[in-house]
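These notes are about the structure you will find just below.
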Amino acid sequence: MNSIYLGLDVGSVSTNVIALDAGSGQLLASVYLRTRGQPIPAIQEGLREIRDTLGRDITVAGVGTTGSGRGLAAVMVGADVVKNEITAHAVAASQVVPGVQTVLEIGGQDSKIIILRQGVVIDFAMNTVCAAGTGSFLDQQAARLGIPIENFGRLALGAQNPVRIAGRCAVFAESDMIHKQQQGHPLDDIVAGLCEALVRNYLNNVGKGKEILPPVVFQGGVAANAGMRQAFSRALGTEVIVPEHYGVMGAFGAALLAREAAPGASTFRGFELTDREFRTGGFDCRGCANHCEVVELREGGNVLARWGDRCGKWSNAVAV
């Protein structure tokens, strides 16, 4: 029977699940799914695909969760380790590129930079306000231009004279792109100009005041875009390393953290949870002037967890 560690990264755009061999730490299987505003079905589908890939003759030695939905995922699957995205991405990058000093991570709706020295995170920053430069913005622009997102980077690499586009805001960037199109600039020059603008926006906002030193690792879904990779390399004047599993590095880090914790007997609730009925709901607590919005997770008729209350009146009352 094969023993594995599971890592789940549940975000607003994607849900990623990976399985590591418990002995070697080798990545055995990975699943990338669109969350589509429904994290519970995405988690269930991800675990189902892992089980179908590896077969039923497996045992789970530990589970780690990360991402904005890490708390929900942890209760649902019975996680042994729950960590934030900064820690998970830093651990994964350090595993793949020992001695990494800068991690650039751009996902579907946010972006972050992580500064490491001697393997320790000493600084980081996140951008969750403006959509410029994120995967969802690039998807929108590719659709508006009628370009498959898979061809976006290839077009950028073929540019002869990238145009200058205002990238400080998603709205301004789109308006500027339309203006450049109306002026008759070639599409590849516009696409390359957009990539350079988004990199400037990232470095001037997320990376502002940060000492960006090599080795530099670029991960997250946007790392698939060759135009963005080239733009970062030019702006930083150094090679930008894209890991093989760049799109699931958060889940990879979560699994590595579970492996490092070596929980002994895992609290994983079993692959059978893929066939169970989970529901989320919520209510306003009127117990005091705070009027907390309490969220609860139910399995069948049982409440698994509640959160959102400041005083613990509801969350502490649940016996999991």
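Residue numbers start at 1 in each chain; chains themselves are named A, B, ... in the order of the structure tokens; ligands are numbered from 1 in the order shown.
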Contacts of Leu297 (chain A) within 7 Å, only C-alpha atoms, excl. fewer than 6 positions in-chain, as a list in words: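 Once the nearby chain positions are removed, what remains is Arg279, Thr280, Gly281, Val303, Leu304, Ala305 and Arg306 of chain A.
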Helix (DSSP H, G or I) per DSSP on the backbone: members of region 45-251 of chain A, as a PyMOL selection string: chain A and resi 45-54+70-77+85-96+135-145+149-157+170-183+187-205+221-224+226-236+246-251
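Shell of region 40-50 of chain A at 7 Å, with only C-alpha atoms counted and residues fewer than 2 places along the chain excluded, is Thr15, Val17, Ala29, Val31, Leu33, Thr35, Gln38, Asp52, Thr53, Leu54, Phe271 and Thr274 of chain A.
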Export of the given selection (C-alpha atoms) as a CSV table (one decimal), in the first residue's frame:
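part23.csv was written with the following content:
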```csv
chain,number,residue,atom,x,y,z
A,15,THR,CA,-8.5,24.7,-6.4
A,17,VAL,CA,-4.8,19.2,-5.1
A,29,ALA,CA,-0.2,13.5,-9.1
A,31,VAL,CA,-5.1,18.4,-10.1
A,33,LEU,CA,-9.6,22.9,-11.1
A,35,THR,CA,-13.3,26.9,-8.1
A,38,GLN,CA,-18.0,26.6,-5.3
A,52,ASP,CA,-8.7,7.7,-9.5
A,53,THR,CA,-5.2,8.5,-10.7
A,54,LEU,CA,-3.3,6.7,-7.9
A,271,PHE,CA,-11.6,9.8,0.3
A,274,THR,CA,-16.1,12.9,-2.0
```
For CA of Phe152 (chain A) and CA of Glu105 (chain A), the interatomic separation in Å (one decimal):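 Answer for the CA of Phe152 (chain A) to CA of Glu105 (chain A) separation: 18.7 Å.
With distances restricted to only C-alpha atoms, A:Val240 is the closest residue to Val216 (chain A) from A:Ala173, A:Val91, A:Val240, A:Ala231.
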As an mmCIF file with N, CA and C atoms, in the first residue's frame, please: the residues near Ala19 (chain A) (cut-off 8 Å, only C-alpha atoms, same-chain neighbours under 2 positions excluded).
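For reference, out.cif as written:
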```cif
data_model
loop_
_atom_site.group_PDB
_atom_site.id
_atom_site.type_symbol
_atom_site.label_atom_id
_atom_site.label_comp_id
_atom_site.auth_asym_id
_atom_site.auth_seq_id
_atom_site.Cartn_x
_atom_site.Cartn_y
_atom_site.Cartn_z
ATOM 1 N N ILE A 4 0.933 8.430 1.032
ATOM 2 C CA ILE A 4 1.082 9.738 0.405
ATOM 3 C C ILE A 4 0.761 10.867 1.382
ATOM 4 N N TYR A 5 1.228 12.069 1.020
ATOM 5 C CA TYR A 5 0.816 13.304 1.681
ATOM 6 C C TYR A 5 0.010 14.118 0.683
ATOM 7 N N LEU A 6 -1.080 14.688 1.148
ATOM 8 C CA LEU A 6 -1.936 15.497 0.298
ATOM 9 C C LEU A 6 -1.747 16.982 0.608
ATOM 10 N N GLY A 7 -1.802 17.812 -0.437
ATOM 11 C CA GLY A 7 -1.775 19.259 -0.275
ATOM 12 C C GLY A 7 -2.934 19.862 -1.042
ATOM 13 N N VAL A 17 -5.006 20.341 -5.969
ATOM 14 C CA VAL A 17 -4.764 19.227 -5.061
ATOM 15 C C VAL A 17 -3.577 18.438 -5.593
ATOM 16 N N ASP A 21 4.660 11.372 -2.687
ATOM 17 C CA ASP A 21 5.079 10.091 -2.138
ATOM 18 C C ASP A 21 5.637 10.328 -0.736
ATOM 19 N N LEU A 27 6.435 14.290 -6.383
ATOM 20 C CA LEU A 27 5.062 14.610 -6.722
ATOM 21 C C LEU A 27 4.498 13.510 -7.622
ATOM 22 N N LEU A 28 3.467 12.837 -7.147
ATOM 23 C CA LEU A 28 2.893 11.708 -7.859
ATOM 24 C C LEU A 28 1.721 12.104 -8.755
ATOM 25 N N ALA A 29 0.935 13.063 -8.319
ATOM 26 C CA ALA A 29 -0.243 13.472 -9.086
ATOM 27 C C ALA A 29 -0.643 14.878 -8.679
ATOM 28 N N SER A 30 -1.179 15.626 -9.636
ATOM 29 C CA SER A 30 -1.661 16.980 -9.338
ATOM 30 C C SER A 30 -2.931 17.250 -10.117
ATOM 31 N N ILE A 50 -7.526 12.577 -7.714
ATOM 32 C CA ILE A 50 -6.291 12.033 -7.133
ATOM 33 C C ILE A 50 -6.461 10.532 -6.869
ATOM 34 N N ALA A 255 1.564 20.282 1.101
ATOM 35 C CA ALA A 255 1.889 18.866 1.274
ATOM 36 C C ALA A 255 3.261 18.693 1.920
#
```
Closest contacts (region 54-163 of chain A/region 191-208 of chain A, max 8 Å, only C-alpha atoms) as CSV:
```
residue,atom,partner,partner_atom,distance
A:Ser111,CA,A:Val206,CA,7.6
A:Lys112,CA,A:Val206,CA,6.5
A:Ile113,CA,A:Gly207,CA,6.5
A:Ala125,CA,A:Val206,CA,5.8
A:Met126,CA,A:Val206,CA,6.1
A:Asn127,CA,A:Val206,CA,6.0
A:Ala132,CA,A:Leu198,CA,6.5
A:Gly133,CA,A:Leu198,CA,4.9
A:Phe152,CA,A:Val191,CA,7.2
A:Leu155,CA,A:Val191,CA,6.9
A:Ala156,CA,A:Ala192,CA,4.2
A:Leu157,CA,A:Ala192,CA,7.1
A:Ala159,CA,A:Ala192,CA,6.3
A:Pro162,CA,A:Gly193,CA,4.6
A:Val163,CA,A:Gly193,CA,4.8
```
Given the selection you just returned, output its residues as a file containing all heavy atoms, formatted as a compact mmCIF listing (two decimals), in the first residue's frame.
```txt
# COMPACT_ATOMS: atom_id res chain seq x y z
N SER A 111 -1.80 38.84 -6.27
CA SER A 111 -0.37 38.63 -6.53
C SER A 111 0.40 38.90 -5.25
O SER A 111 -0.08 39.62 -4.37
CB SER A 111 0.12 39.55 -7.66
OG SER A 111 -0.19 40.90 -7.39
N LYS A 112 1.57 38.32 -5.16
CA LYS A 112 2.37 38.49 -3.96
C LYS A 112 3.84 38.40 -4.28
O LYS A 112 4.23 37.85 -5.33
CB LYS A 112 1.99 37.45 -2.89
CG LYS A 112 2.17 36.01 -3.32
CD LYS A 112 1.70 35.05 -2.24
CE LYS A 112 0.22 35.01 -2.10
NZ LYS A 112 -0.49 34.32 -3.20
N ILE A 113 4.68 38.96 -3.41
CA ILE A 113 6.13 38.82 -3.51
C ILE A 113 6.63 38.35 -2.15
O ILE A 113 6.14 38.79 -1.11
CB ILE A 113 6.81 40.14 -3.93
CG1 ILE A 113 8.30 39.92 -4.19
CG2 ILE A 113 6.59 41.24 -2.89
CD1 ILE A 113 8.98 41.11 -4.85
N ALA A 125 4.76 40.96 0.51
CA ALA A 125 3.68 41.91 0.24
C ALA A 125 2.67 41.24 -0.66
O ALA A 125 3.02 40.37 -1.46
CB ALA A 125 4.22 43.18 -0.42
N MET A 126 1.41 41.66 -0.52
CA MET A 126 0.34 41.10 -1.33
C MET A 126 -0.48 42.23 -1.94
O MET A 126 -0.59 43.30 -1.35
CB MET A 126 -0.57 40.19 -0.49
CG MET A 126 0.12 38.99 0.09
SD MET A 126 -1.01 37.90 1.00
CE MET A 126 -2.04 37.27 -0.32
N ASN A 127 -1.02 41.97 -3.10
CA ASN A 127 -1.92 42.92 -3.75
C ASN A 127 -3.24 42.22 -4.01
O ASN A 127 -3.31 41.32 -4.84
CB ASN A 127 -1.34 43.42 -5.08
CG ASN A 127 -2.30 44.35 -5.80
OD1 ASN A 127 -3.16 44.95 -5.17
ND2 ASN A 127 -2.14 44.47 -7.10
N ALA A 132 -5.17 44.46 -12.04
CA ALA A 132 -4.18 44.57 -13.12
C ALA A 132 -3.03 43.59 -12.89
O ALA A 132 -2.42 43.56 -11.82
CB ALA A 132 -3.64 45.99 -13.19
N GLY A 133 -2.75 42.78 -13.89
CA GLY A 133 -1.63 41.86 -13.82
C GLY A 133 -1.99 40.47 -13.35
O GLY A 133 -1.17 39.56 -13.42
N PHE A 152 -1.19 33.88 -25.96
CA PHE A 152 -0.91 35.26 -25.53
C PHE A 152 0.59 35.50 -25.43
O PHE A 152 1.12 36.48 -25.96
CB PHE A 152 -1.58 35.51 -24.18
CG PHE A 152 -1.88 36.94 -23.90
CD1 PHE A 152 -3.06 37.52 -24.33
CD2 PHE A 152 -1.00 37.74 -23.18
CE1 PHE A 152 -3.36 38.84 -24.06
CE2 PHE A 152 -1.28 39.05 -22.90
CZ PHE A 152 -2.46 39.61 -23.34
N LEU A 155 2.57 35.47 -28.80
CA LEU A 155 2.43 36.73 -29.54
C LEU A 155 3.38 37.79 -28.99
O LEU A 155 4.03 38.52 -29.74
CB LEU A 155 0.99 37.24 -29.44
CG LEU A 155 0.00 36.82 -30.52
CD1 LEU A 155 -1.38 37.35 -30.20
CD2 LEU A 155 0.45 37.31 -31.89
N ALA A 156 3.46 37.87 -27.66
CA ALA A 156 4.31 38.86 -27.03
C ALA A 156 5.77 38.66 -27.40
O ALA A 156 6.52 39.63 -27.61
CB ALA A 156 4.14 38.82 -25.51
N LEU A 157 6.20 37.41 -27.49
CA LEU A 157 7.60 37.12 -27.82
C LEU A 157 7.94 37.55 -29.25
O LEU A 157 9.10 37.81 -29.56
CB LEU A 157 7.88 35.63 -27.66
CG LEU A 157 7.78 35.06 -26.23
CD1 LEU A 157 8.12 33.57 -26.24
CD2 LEU A 157 8.68 35.82 -25.27
N ALA A 159 6.94 40.32 -30.72
CA ALA A 159 6.81 41.78 -30.89
C ALA A 159 8.13 42.40 -31.33
O ALA A 159 9.20 42.03 -30.85
CB ALA A 159 6.34 42.41 -29.59
N PRO A 162 7.30 46.87 -28.74
CA PRO A 162 6.22 46.90 -27.76
C PRO A 162 5.77 48.33 -27.46
O PRO A 162 6.60 49.22 -27.24
CB PRO A 162 6.84 46.26 -26.51
CG PRO A 162 7.94 45.40 -27.05
CD PRO A 162 8.49 46.14 -28.23
N VAL A 163 4.46 48.56 -27.48
CA VAL A 163 3.93 49.90 -27.19
C VAL A 163 3.92 50.12 -25.69
O VAL A 163 3.98 49.16 -24.90
CB VAL A 163 2.51 50.06 -27.76
CG1 VAL A 163 2.50 49.89 -29.27
CG2 VAL A 163 1.54 49.07 -27.10
```
Best match for closeness to Ala22 (chain A) among A:Leu236, A:Leu256, A:Val96, A:Leu145, counting only C-alpha atoms: A:Leu256
